[in-house]
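Source file coords.txt; content: compact mmCIF, C-alpha atoms.
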```
# COMPACT_ATOMS: atom_id res chain seq x y z
CA MET A 1 211.44 101.67 88.56
CA SER A 2 211.94 98.24 87.08
CA GLU A 3 213.62 97.53 83.79
CA PHE A 4 211.78 96.99 80.52
CA VAL A 5 211.68 93.34 79.47
CA LEU A 6 209.93 92.31 76.27
CA HIS A 7 206.99 89.97 76.90
CA GLU A 8 207.95 86.42 76.00
CA ARG A 9 204.97 85.98 73.67
CA LEU A 10 205.90 89.09 71.70
CA ALA A 11 209.51 87.92 71.61
CA ALA A 12 208.45 84.50 70.32
CA ASP A 13 206.19 85.86 67.57
CA THR A 14 208.50 88.52 66.15
CA ALA A 15 211.98 89.44 65.00
CA PHE A 16 213.88 92.47 66.26
CA VAL A 17 214.08 95.34 63.79
CA THR A 18 215.46 98.31 65.70
CA ASP A 19 214.96 100.56 68.71
CA TRP A 20 213.48 104.00 68.07
CA ARG A 21 213.50 106.67 70.79
CA LEU A 22 210.59 105.15 72.70
CA ALA A 23 209.64 101.87 71.13
CA ARG A 24 211.26 98.60 70.28
CA VAL A 25 210.32 97.88 66.68
CA LEU A 26 209.50 94.27 65.89
CA LEU A 27 208.47 92.45 62.72
CA LEU A 28 205.67 89.95 63.23
CA ASN A 29 206.65 86.59 61.82
CA ASP A 30 203.84 86.36 59.28
CA ALA A 31 204.94 86.53 55.66
CA ARG A 32 201.38 87.25 54.47
CA TYR A 33 201.49 90.83 55.76
CA ALA A 34 204.03 93.53 56.39
CA TRP A 35 203.29 93.87 60.11
CA LEU A 36 205.27 95.82 62.66
CA VAL A 37 204.77 95.83 66.41
CA LEU A 38 205.94 98.84 68.43
CA VAL A 39 206.58 98.22 72.12
CA PRO A 40 207.31 101.27 74.30
CA ARG A 41 210.35 100.43 76.42
CA ARG A 42 208.57 101.33 79.65
CA ALA A 43 208.18 98.66 82.30
CA GLY A 44 204.61 98.09 83.44
CA ALA A 45 202.82 100.10 80.73
CA VAL A 46 199.52 98.48 79.73
CA GLU A 47 197.23 101.30 78.58
CA LEU A 48 198.07 104.50 76.69
CA PHE A 49 197.33 106.48 79.85
CA ASP A 50 200.06 104.59 81.71
CA LEU A 51 202.62 106.49 79.61
CA SER A 52 203.64 110.09 80.25
CA GLN A 53 202.29 112.66 77.83
CA ALA A 54 205.77 113.02 76.31
CA ASP A 55 205.99 109.27 75.77
CA ARG A 56 202.53 109.27 74.21
CA ALA A 57 203.64 111.95 71.77
CA ASP A 58 206.67 109.84 70.88
CA LEU A 59 204.50 106.75 70.46
CA MET A 60 202.18 108.60 68.10
CA GLU A 61 205.09 109.92 66.02
CA GLU A 62 206.69 106.48 65.88
CA THR A 63 203.37 104.89 64.93
CA ALA A 64 202.90 107.41 62.12
CA ARG A 65 206.50 106.78 61.03
CA ALA A 66 205.91 103.03 60.87
CA ALA A 67 202.65 103.60 59.00
CA ARG A 68 204.26 105.84 56.40
CA LEU A 69 207.12 103.43 55.95
CA LEU A 70 204.85 100.39 55.43
CA LYS A 71 202.50 102.32 53.18
CA SER A 72 205.43 103.17 50.95
CA ALA A 73 207.24 99.82 51.16
CA ARG A 74 204.13 97.81 50.25
CA ASN A 75 202.11 100.33 48.28
CA ALA A 76 199.46 99.52 50.87
CA ALA A 77 195.82 100.43 50.30
CA LYS A 78 195.41 101.07 54.02
CA ILE A 79 197.40 100.94 57.20
CA ASN A 80 195.75 99.32 60.20
CA VAL A 81 196.81 100.43 63.66
CA GLY A 82 195.73 98.64 66.80
CA ALA A 83 196.54 98.38 70.47
CA LEU A 84 194.48 95.51 71.84
CA GLY A 85 196.40 93.62 74.51
CA ASN A 86 193.61 91.33 75.65
CA LEU A 87 196.03 88.42 75.73
CA VAL A 88 199.39 90.16 76.14
CA LEU A 89 198.99 93.04 78.57
CA GLN A 90 202.34 94.71 77.82
CA LEU A 91 201.46 97.83 75.81
CA HIS A 92 202.18 97.23 72.14
CA VAL A 93 200.93 98.82 68.94
CA HIS A 94 200.35 96.84 65.75
CA VAL A 95 200.97 98.65 62.46
CA VAL A 96 199.94 96.53 59.50
CA ALA A 97 199.99 97.11 55.74
CA ARG A 98 196.68 95.97 54.26
CA ASN A 99 195.63 95.36 50.68
CA PRO A 100 192.50 93.95 49.06
CA GLY A 101 193.11 90.25 48.60
CA ASP A 102 195.16 89.76 51.76
CA PRO A 103 193.79 86.83 53.78
CA ALA A 104 191.79 88.86 56.29
CA TRP A 105 190.71 91.75 54.02
CA PRO A 106 188.64 93.78 54.81
CA GLY A 107 188.34 92.40 58.33
CA PRO A 108 190.89 92.76 61.12
CA VAL A 109 194.09 90.72 61.04
CA TRP A 110 194.02 89.90 64.73
CA GLY A 111 192.82 86.39 65.44
CA HIS A 112 192.04 85.74 61.77
CA SER A 113 194.24 82.77 60.95
CA PRO A 114 197.57 81.19 61.87
CA ALA A 115 200.69 83.05 60.81
CA VAL A 116 202.77 81.83 57.89
CA PRO A 117 206.40 82.18 59.01
CA TYR A 118 208.92 84.02 56.86
CA GLN A 119 211.77 82.36 55.12
CA ALA A 120 214.78 83.79 56.94
CA ALA A 121 216.25 85.49 53.87
CA VAL A 122 212.95 87.20 53.01
CA ARG A 123 212.52 88.33 56.62
CA ASP A 124 216.03 89.68 56.84
CA ALA A 125 215.69 91.57 53.55
CA LEU A 126 212.47 93.20 54.78
CA ILE A 127 214.07 94.12 58.10
CA ALA A 128 217.00 95.68 56.26
CA GLN A 129 214.58 97.62 54.06
CA ILE A 130 212.69 98.90 57.09
CA VAL A 131 215.82 99.91 58.96
CA LYS A 132 217.10 101.75 55.90
CA ALA A 133 213.78 103.53 55.24
CA GLY A 134 212.95 104.17 58.89
CA MET B 135 190.67 123.42 52.21
CA SER B 136 187.31 121.70 52.26
CA GLU B 137 185.08 121.38 55.26
CA PHE B 138 184.96 118.32 57.51
CA VAL B 139 181.86 116.19 56.91
CA LEU B 140 181.30 113.04 58.93
CA HIS B 141 181.22 109.91 56.74
CA GLU B 142 177.64 108.72 56.30
CA ARG B 143 178.44 105.20 57.51
CA LEU B 144 179.95 106.53 60.74
CA ALA B 145 176.98 108.84 61.15
CA ALA B 146 174.55 105.96 60.65
CA ASP B 147 176.28 103.63 63.13
CA THR B 148 176.79 106.07 65.99
CA ALA B 149 175.30 108.78 68.18
CA PHE B 150 176.95 112.16 68.72
CA VAL B 151 178.57 112.59 72.13
CA THR B 152 180.59 115.79 71.98
CA ASP B 153 183.35 117.60 70.13
CA TRP B 154 186.77 117.70 71.77
CA ARG B 155 189.51 120.00 70.46
CA LEU B 156 190.36 117.80 67.48
CA ALA B 157 187.92 114.94 67.31
CA ARG B 158 184.21 114.43 67.08
CA VAL B 159 183.37 111.89 69.77
CA LEU B 160 180.75 109.31 68.81
CA LEU B 161 179.16 106.39 70.64
CA LEU B 162 178.86 103.26 68.52
CA ASN B 163 175.31 101.96 68.61
CA ASP B 164 176.13 98.57 70.13
CA ALA B 165 174.82 98.07 73.65
CA ARG B 166 177.11 95.06 74.21
CA TYR B 167 180.19 97.26 74.56
CA ALA B 168 181.09 100.75 75.67
CA TRP B 169 182.61 101.81 72.36
CA LEU B 170 183.62 105.31 71.33
CA VAL B 171 184.76 106.44 67.91
CA LEU B 172 186.97 109.54 67.62
CA VAL B 173 186.95 111.28 64.25
CA PRO B 174 189.45 114.12 63.74
CA ARG B 175 187.57 117.04 62.21
CA ARG B 176 189.99 117.34 59.33
CA ALA B 177 188.70 116.94 55.79
CA GLY B 178 190.49 114.30 53.77
CA ALA B 179 192.48 112.65 56.57
CA VAL B 180 192.82 108.88 56.04
CA GLU B 181 196.09 107.84 57.69
CA LEU B 182 197.74 109.17 60.85
CA PHE B 183 200.44 110.74 58.71
CA ASP B 184 197.83 112.84 56.92
CA LEU B 185 197.45 114.88 60.12
CA SER B 186 199.89 117.55 61.26
CA GLN B 187 202.14 116.62 64.16
CA ALA B 188 200.14 118.93 66.42
CA ASP B 189 196.90 117.22 65.43
CA ARG B 190 198.48 113.83 66.01
CA ALA B 191 199.45 114.89 69.52
CA ASP B 192 195.87 116.01 70.13
CA LEU B 193 194.53 112.74 68.74
CA MET B 194 196.77 110.74 71.06
CA GLU B 195 195.72 112.79 74.09
CA GLU B 196 192.05 112.49 73.18
CA THR B 197 192.44 108.74 72.61
CA ALA B 198 194.07 108.35 76.03
CA ARG B 199 191.31 110.50 77.55
CA ALA B 200 188.62 108.28 76.01
CA ALA B 201 190.48 105.17 77.17
CA ARG B 202 190.77 106.40 80.75
CA LEU B 203 187.14 107.42 80.80
CA LEU B 204 185.88 104.05 79.51
CA LYS B 205 188.23 102.11 81.77
CA SER B 206 186.77 103.90 84.75
CA ALA B 207 183.12 103.95 83.59
CA ARG B 208 183.06 100.22 82.89
CA ASN B 209 185.76 98.91 85.20
CA ALA B 210 187.17 97.49 81.97
CA ALA B 211 189.80 94.77 82.02
CA LYS B 212 191.38 96.25 78.90
CA ILE B 213 190.87 99.08 76.49
CA ASN B 214 191.20 98.27 72.80
CA VAL B 215 192.27 101.01 70.44
CA GLY B 216 192.15 100.64 66.69
CA ALA B 217 192.32 102.69 63.52
CA LEU B 218 191.50 100.34 60.66
CA GLY B 219 189.52 102.11 57.97
CA ASN B 220 189.51 99.32 55.40
CA LEU B 221 185.84 100.01 54.68
CA VAL B 222 185.45 103.63 55.80
CA LEU B 223 188.51 105.58 54.72
CA GLN B 224 187.81 108.68 56.82
CA LEU B 225 190.33 108.55 59.68
CA HIS B 226 188.62 107.35 62.85
CA VAL B 227 189.88 105.74 66.04
CA HIS B 228 187.90 103.11 67.92
CA VAL B 229 188.25 103.05 71.71
CA VAL B 230 186.46 100.08 73.22
CA ALA B 231 186.05 98.84 76.79
CA ARG B 232 186.66 95.09 76.89
CA ASN B 233 185.95 92.52 79.57
CA PRO B 234 186.21 88.74 79.73
CA GLY B 235 182.81 87.40 78.77
CA ASP B 236 182.00 90.09 76.23
CA PRO B 237 180.88 88.55 72.93
CA ALA B 238 184.19 88.87 71.09
CA TRP B 239 186.57 88.36 74.03
CA PRO B 240 189.54 87.94 73.71
CA GLY B 241 189.39 88.53 69.95
CA PRO B 242 188.88 91.85 68.20
CA VAL B 243 185.44 93.46 68.17
CA TRP B 244 185.67 94.54 64.54
CA GLY B 245 183.73 92.31 62.22
CA HIS B 246 182.80 89.92 65.02
CA SER B 247 179.00 90.01 65.03
CA PRO B 248 176.10 92.35 64.32
CA ALA B 249 175.60 95.22 66.73
CA VAL B 250 172.79 95.16 69.27
CA PRO B 251 171.31 98.66 69.24
CA TYR B 252 170.87 100.60 72.46
CA GLN B 253 167.55 101.44 73.97
CA ALA B 254 167.42 105.21 73.62
CA ALA B 255 167.27 105.88 77.36
CA VAL B 256 170.27 103.67 78.07
CA ARG B 257 172.22 105.29 75.26
CA ASP B 258 171.40 108.79 76.41
CA ALA B 259 172.36 108.01 80.00
CA LEU B 260 175.73 106.66 78.85
CA ILE B 261 176.31 109.70 76.66
CA ALA B 262 175.50 111.97 79.60
CA GLN B 263 177.91 110.02 81.78
CA ILE B 264 180.68 110.30 79.21
CA VAL B 265 180.14 114.02 78.67
CA LYS B 266 180.21 114.60 82.42
CA ALA B 267 183.33 112.49 82.98
CA GLY B 268 185.15 113.59 79.84
```

Could you show the structure in this file as structure tokens?
Amino acid sequence: MSEFVLHERLAADTAFVTDWRLARVLLLNDARYAWLVLVPRRAGAVELFDLSQADRADLMEETARAARLLKSARNAAKINVGALGNLVLQLHVHVVARNPGDPAWPGPVWGHSPAVPYQAAVRDALIAQIVKAG
Amino acid sequence: MSEFVLHERLAADTAFVTDWRLARVLLLNDARYAWLVLVPRRAGAVELFDLSQADRADLMEETARAARLLKSARNAAKINVGALGNLVLQLHVHVVARNPGDPAWPGPVWGHSPAVPYQAAVRDALIAQIVKAG
């Protein structure tokens, strides 16, 4: 069994938040949304059915936890959850706080428009808030 | 506790496939993709955290089951899973077989372009295949 290594594209587009039991929790570097990416630390996982049932249960609980946390932190109208992976095969789950008036509303965020990077201080404050709430 | 009623927009855009333990399984009426929609039969559920933990575990297992089934039925390059709900609040999970060359590839299917309805016979054959495999 090989070791989990975060895909370089995910690493480049995000900042590390924390590790939960299953997933590495990352903040997407786009200041227009509050957008987490959960990556199960399981080498080779691409589809949900590549995980064990126990890992799937953990992934669901961690996804719901991220959703609740973002809903509360941003008073979000809706949480969007997606596992696409057409470009980056490594299994990862997007959890995104959405509100009317955000750039892609009410369409999907994926592929909508280029990210607007965080200022470091804003990013770090949000990460601290998430770690504290999570 | 009120009774589960399928949202009229979901009803209009899909055909009934079957009921699994938690979710109503629907086929989206777009012949360009093999696209299932899973709707937990729980009145009032909008976000994943509105479900009980047991229901969430069922939803994950049913999502993985739908993913495996579509992957196999369509020899799909990738399965896309999404719970957005910006327009239809009733909690529903999209499970979509994706392949290079499909109209939206590699972008998201949501909001990409108008659906191309199935011919009834093609739709019914796919539904029968899914029920048999599922």

Pick out the residues sitting within 7 Å of region 39-42 of chain A, and hand them over as a PyMOL selection string; count all atoms listed in the file, and ignore anything fewer than 5 positions along from it in its own chain. chain A and resi 4+22-25+91-93

Please tabulate, as JSON lines, the residues of chain B that come within 9 Å of chain A, each with its closest pair of atoms and the distance in Å to one decimal, counting all atoms listed in the file and ordering rows by chain, then residue number upward.
```
{"residue": "B:Val180", "atom": "CA", "partner": "A:Lys78", "partner_atom": "CA", "distance": 8.5}
{"residue": "B:Glu181", "atom": "CA", "partner": "A:Ile79", "partner_atom": "CA", "distance": 7.0}
{"residue": "B:Leu182", "atom": "CA", "partner": "A:Ala64", "partner_atom": "CA", "distance": 5.6}
{"residue": "B:Phe183", "atom": "CA", "partner": "A:Ala64", "partner_atom": "CA", "distance": 5.4}
{"residue": "B:Gln187", "atom": "CA", "partner": "A:Glu61", "partner_atom": "CA", "distance": 7.6}
{"residue": "B:Arg190", "atom": "CA", "partner": "A:Met60", "partner_atom": "CA", "distance": 6.7}
{"residue": "B:Ala191", "atom": "CA", "partner": "A:Ala57", "partner_atom": "CA", "distance": 5.6}
{"residue": "B:Asp192", "atom": "CA", "partner": "A:Ala57", "partner_atom": "CA", "distance": 8.9}
{"residue": "B:Leu193", "atom": "CA", "partner": "A:Met60", "partner_atom": "CA", "distance": 8.7}
{"residue": "B:Met194", "atom": "CA", "partner": "A:Met60", "partner_atom": "CA", "distance": 6.5}
{"residue": "B:Glu195", "atom": "CA", "partner": "A:Gln53", "partner_atom": "CA", "distance": 7.6}
{"residue": "B:Thr197", "atom": "CA", "partner": "A:Leu48", "partner_atom": "CA", "distance": 8.1}
{"residue": "B:Ala198", "atom": "CA", "partner": "A:Phe49", "partner_atom": "CA", "distance": 5.4}
{"residue": "B:Arg199", "atom": "CA", "partner": "A:Phe49", "partner_atom": "CA", "distance": 7.6}
{"residue": "B:Ala201", "atom": "CA", "partner": "A:Phe49", "partner_atom": "CA", "distance": 7.5}
{"residue": "B:Arg202", "atom": "CA", "partner": "A:Phe49", "partner_atom": "CA", "distance": 6.6}
{"residue": "B:Ala211", "atom": "CA", "partner": "A:Asn86", "partner_atom": "CA", "distance": 8.2}
{"residue": "B:Lys212", "atom": "CA", "partner": "A:Asn86", "partner_atom": "CA", "distance": 6.3}
{"residue": "B:Ile213", "atom": "CA", "partner": "A:Leu84", "partner_atom": "CA", "distance": 6.9}
{"residue": "B:Asn214", "atom": "CA", "partner": "A:Leu84", "partner_atom": "CA", "distance": 4.4}
{"residue": "B:Val215", "atom": "CA", "partner": "A:Ala83", "partner_atom": "CA", "distance": 5.0}
{"residue": "B:Gly216", "atom": "CA", "partner": "A:Gly82", "partner_atom": "CA", "distance": 4.1}
{"residue": "B:Ala217", "atom": "CA", "partner": "A:Val81", "partner_atom": "CA", "distance": 5.0}
{"residue": "B:Leu218", "atom": "CA", "partner": "A:Asn80", "partner_atom": "CA", "distance": 4.4}
{"residue": "B:Gly219", "atom": "CA", "partner": "A:Lys78", "partner_atom": "CA", "distance": 7.2}
{"residue": "B:Asn220", "atom": "CA", "partner": "A:Pro106", "partner_atom": "CA", "distance": 5.6}
{"residue": "B:Leu221", "atom": "CA", "partner": "A:Pro106", "partner_atom": "CA", "distance": 6.8}
{"residue": "B:Leu223", "atom": "CA", "partner": "A:Lys78", "partner_atom": "CA", "distance": 8.3}
{"residue": "B:Arg232", "atom": "CA", "partner": "A:Asn86", "partner_atom": "CA", "distance": 8.0}
{"residue": "B:Asn233", "atom": "CA", "partner": "A:Asn86", "partner_atom": "CA", "distance": 8.7}
{"residue": "B:Pro234", "atom": "CA", "partner": "A:Asn86", "partner_atom": "CA", "distance": 8.8}
{"residue": "B:Trp239", "atom": "CA", "partner": "A:Asn86", "partner_atom": "CA", "distance": 7.8}
{"residue": "B:Pro240", "atom": "CA", "partner": "A:Asn86", "partner_atom": "CA", "distance": 5.6}
{"residue": "B:Gly241", "atom": "CA", "partner": "A:Gly111", "partner_atom": "CA", "distance": 6.1}
{"residue": "B:Pro242", "atom": "CA", "partner": "A:Trp110", "partner_atom": "CA", "distance": 6.5}
{"residue": "B:Val243", "atom": "CA", "partner": "A:Pro108", "partner_atom": "CA", "distance": 8.9}
{"residue": "B:Trp244", "atom": "CA", "partner": "A:Pro108", "partner_atom": "CA", "distance": 6.5}
{"residue": "B:Gly245", "atom": "CA", "partner": "A:Gly107", "partner_atom": "CA", "distance": 6.0}
```

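One finds CA of Gly178 (chain B) at 19.7 Å from CA of Ala97 (chain A).
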
Any chance you could dump chain A, least-squares fitted to chain B on all C-alpha atoms in order, as a compact mmCIF listing (two decimals) with C-alpha atoms, in the coordinates of the input?
```
# COMPACT_ATOMS: atom_id res chain seq x y z
CA MET A 1 190.68 123.42 52.23
CA SER A 2 187.34 121.69 52.25
CA GLU A 3 185.09 121.37 55.25
CA PHE A 4 184.95 118.32 57.50
CA VAL A 5 181.86 116.19 56.91
CA LEU A 6 181.29 113.03 58.93
CA HIS A 7 181.22 109.91 56.75
CA GLU A 8 177.64 108.73 56.31
CA ARG A 9 178.44 105.20 57.52
CA LEU A 10 179.95 106.52 60.74
CA ALA A 11 176.98 108.84 61.16
CA ALA A 12 174.55 105.95 60.66
CA ASP A 13 176.28 103.63 63.14
CA THR A 14 176.79 106.07 66.00
CA ALA A 15 175.31 108.78 68.18
CA PHE A 16 176.95 112.16 68.73
CA VAL A 17 178.57 112.58 72.14
CA THR A 18 180.59 115.78 71.98
CA ASP A 19 183.35 117.61 70.12
CA TRP A 20 186.77 117.70 71.76
CA ARG A 21 189.50 120.01 70.45
CA LEU A 22 190.35 117.80 67.48
CA ALA A 23 187.92 114.94 67.32
CA ARG A 24 184.21 114.44 67.10
CA VAL A 25 183.35 111.89 69.77
CA LEU A 26 180.75 109.31 68.81
CA LEU A 27 179.16 106.39 70.63
CA LEU A 28 178.85 103.25 68.53
CA ASN A 29 175.31 101.97 68.62
CA ASP A 30 176.12 98.59 70.14
CA ALA A 31 174.83 98.06 73.66
CA ARG A 32 177.12 95.05 74.20
CA TYR A 33 180.21 97.26 74.55
CA ALA A 34 181.08 100.74 75.67
CA TRP A 35 182.61 101.82 72.35
CA LEU A 36 183.63 105.31 71.34
CA VAL A 37 184.76 106.45 67.92
CA LEU A 38 186.96 109.54 67.63
CA VAL A 39 186.94 111.29 64.26
CA PRO A 40 189.46 114.12 63.74
CA ARG A 41 187.56 117.03 62.21
CA ARG A 42 190.01 117.34 59.32
CA ALA A 43 188.70 116.92 55.80
CA GLY A 44 190.50 114.29 53.75
CA ALA A 45 192.49 112.65 56.56
CA VAL A 46 192.82 108.89 56.04
CA GLU A 47 196.09 107.84 57.69
CA LEU A 48 197.75 109.16 60.86
CA PHE A 49 200.45 110.74 58.71
CA ASP A 50 197.84 112.84 56.91
CA LEU A 51 197.44 114.87 60.12
CA SER A 52 199.89 117.54 61.26
CA GLN A 53 202.15 116.62 64.15
CA ALA A 54 200.14 118.93 66.42
CA ASP A 55 196.91 117.22 65.42
CA ARG A 56 198.49 113.82 66.01
CA ALA A 57 199.46 114.90 69.52
CA ASP A 58 195.88 116.01 70.13
CA LEU A 59 194.53 112.74 68.74
CA MET A 60 196.77 110.75 71.06
CA GLU A 61 195.73 112.80 74.10
CA GLU A 62 192.06 112.49 73.18
CA THR A 63 192.43 108.75 72.62
CA ALA A 64 194.07 108.35 76.03
CA ARG A 65 191.31 110.49 77.55
CA ALA A 66 188.61 108.29 76.02
CA ALA A 67 190.47 105.18 77.17
CA ARG A 68 190.77 106.39 80.75
CA LEU A 69 187.14 107.42 80.81
CA LEU A 70 185.87 104.05 79.51
CA LYS A 71 188.22 102.11 81.76
CA SER A 72 186.75 103.91 84.74
CA ALA A 73 183.12 103.95 83.59
CA ARG A 74 183.05 100.21 82.87
CA ASN A 75 185.74 98.91 85.19
CA ALA A 76 187.17 97.50 81.97
CA ALA A 77 189.80 94.77 82.02
CA LYS A 78 191.38 96.25 78.90
CA ILE A 79 190.88 99.08 76.49
CA ASN A 80 191.19 98.27 72.80
CA VAL A 81 192.26 101.02 70.43
CA GLY A 82 192.15 100.65 66.68
CA ALA A 83 192.32 102.68 63.51
CA LEU A 84 191.49 100.32 60.66
CA GLY A 85 189.51 102.11 57.96
CA ASN A 86 189.51 99.33 55.39
CA LEU A 87 185.85 100.00 54.67
CA VAL A 88 185.45 103.62 55.78
CA LEU A 89 188.52 105.58 54.72
CA GLN A 90 187.81 108.68 56.82
CA LEU A 91 190.33 108.54 59.68
CA HIS A 92 188.62 107.35 62.84
CA VAL A 93 189.87 105.75 66.04
CA HIS A 94 187.89 103.10 67.92
CA VAL A 95 188.25 103.06 71.71
CA VAL A 96 186.46 100.08 73.22
CA ALA A 97 186.05 98.84 76.80
CA ARG A 98 186.66 95.09 76.89
CA ASN A 99 185.95 92.52 79.57
CA PRO A 100 186.22 88.74 79.72
CA GLY A 101 182.82 87.39 78.75
CA ASP A 102 182.00 90.10 76.22
CA PRO A 103 180.88 88.53 72.93
CA ALA A 104 184.19 88.87 71.09
CA TRP A 105 186.58 88.36 74.03
CA PRO A 106 189.54 87.93 73.69
CA GLY A 107 189.40 88.52 69.95
CA PRO A 108 188.89 91.86 68.21
CA VAL A 109 185.45 93.47 68.17
CA TRP A 110 185.67 94.56 64.55
CA GLY A 111 183.71 92.33 62.22
CA HIS A 112 182.80 89.92 65.02
CA SER A 113 179.01 90.02 65.03
CA PRO A 114 176.10 92.35 64.32
CA ALA A 115 175.59 95.23 66.72
CA VAL A 116 172.80 95.15 69.27
CA PRO A 117 171.30 98.66 69.25
CA TYR A 118 170.87 100.61 72.47
CA GLN A 119 167.55 101.43 73.97
CA ALA A 120 167.42 105.21 73.63
CA ALA A 121 167.26 105.88 77.37
CA VAL A 122 170.28 103.66 78.08
CA ARG A 123 172.23 105.29 75.26
CA ASP A 124 171.39 108.78 76.41
CA ALA A 125 172.35 108.00 80.01
CA LEU A 126 175.73 106.66 78.86
CA ILE A 127 176.32 109.70 76.67
CA ALA A 128 175.50 111.98 79.59
CA GLN A 129 177.91 110.01 81.79
CA ILE A 130 180.67 110.31 79.20
CA VAL A 131 180.15 114.02 78.67
CA LYS A 132 180.20 114.61 82.42
CA ALA A 133 183.33 112.48 82.98
CA GLY A 134 185.13 113.60 79.83
```

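Residues in contact range of region 255-263 of chain B, defined as at most 8 Å between only C-alpha atoms, with sequence neighbours fewer than 6 positions away removed, read Val151, Leu161 and Ala165 of chain B.
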
Same residues, C-alpha atoms, saved as a JSON list (two decimals), in the frame of the given file:
```json
[["chain", "number", "residue", "atom", "x", "y", "z"],
["B", 151, "VAL", "CA", 178.57, 112.59, 72.13],
["B", 161, "LEU", "CA", 179.16, 106.39, 70.64],
["B", 165, "ALA", "CA", 174.82, 98.07, 73.65]]
```

Since the input lacks some atoms of region 220-225 of chain B, please model all heavy atoms and print them as a compact mmCIF listing (two decimals), in the frame of the given file.
```txt
# COMPACT_ATOMS: atom_id res chain seq x y z
N ASN B 220 189.50 100.06 56.67
CA ASN B 220 189.51 99.32 55.40
C ASN B 220 188.21 99.55 54.62
O ASN B 220 188.21 99.49 53.39
CB ASN B 220 189.72 97.83 55.64
CG ASN B 220 191.01 97.55 56.39
OD1 ASN B 220 191.96 98.33 56.29
ND2 ASN B 220 191.05 96.46 57.13
N LEU B 221 187.13 99.80 55.34
CA LEU B 221 185.84 100.01 54.68
C LEU B 221 185.46 101.49 54.65
O LEU B 221 184.90 101.95 53.66
CB LEU B 221 184.75 99.20 55.40
CG LEU B 221 184.96 97.68 55.33
CD1 LEU B 221 183.98 96.95 56.24
CD2 LEU B 221 184.80 97.18 53.89
N VAL B 222 185.74 102.18 55.72
CA VAL B 222 185.45 103.63 55.80
C VAL B 222 186.79 104.34 55.89
O VAL B 222 187.47 104.29 56.90
CB VAL B 222 184.59 103.95 57.04
CG1 VAL B 222 184.46 105.46 57.21
CG2 VAL B 222 183.23 103.29 56.94
N LEU B 223 187.16 105.00 54.79
CA LEU B 223 188.51 105.58 54.72
C LEU B 223 188.70 106.75 55.68
O LEU B 223 189.80 106.99 56.16
CB LEU B 223 188.83 106.01 53.29
CG LEU B 223 189.21 104.87 52.32
CD1 LEU B 223 189.40 105.41 50.91
CD2 LEU B 223 190.48 104.15 52.78
N GLN B 224 187.65 107.50 55.95
CA GLN B 224 187.81 108.68 56.82
C GLN B 224 188.47 108.25 58.14
O GLN B 224 187.98 107.35 58.82
CB GLN B 224 186.44 109.30 57.10
CG GLN B 224 186.53 110.55 57.94
CD GLN B 224 185.16 111.25 58.04
OE1 GLN B 224 184.25 110.77 58.70
NE2 GLN B 224 185.02 112.38 57.37
N LEU B 225 189.56 108.93 58.49
CA LEU B 225 190.33 108.55 59.68
C LEU B 225 189.45 108.56 60.93
O LEU B 225 188.81 109.57 61.23
CB LEU B 225 191.51 109.51 59.86
CG LEU B 225 192.43 109.28 61.06
CD1 LEU B 225 193.08 107.91 61.02
CD2 LEU B 225 193.49 110.37 61.14
```
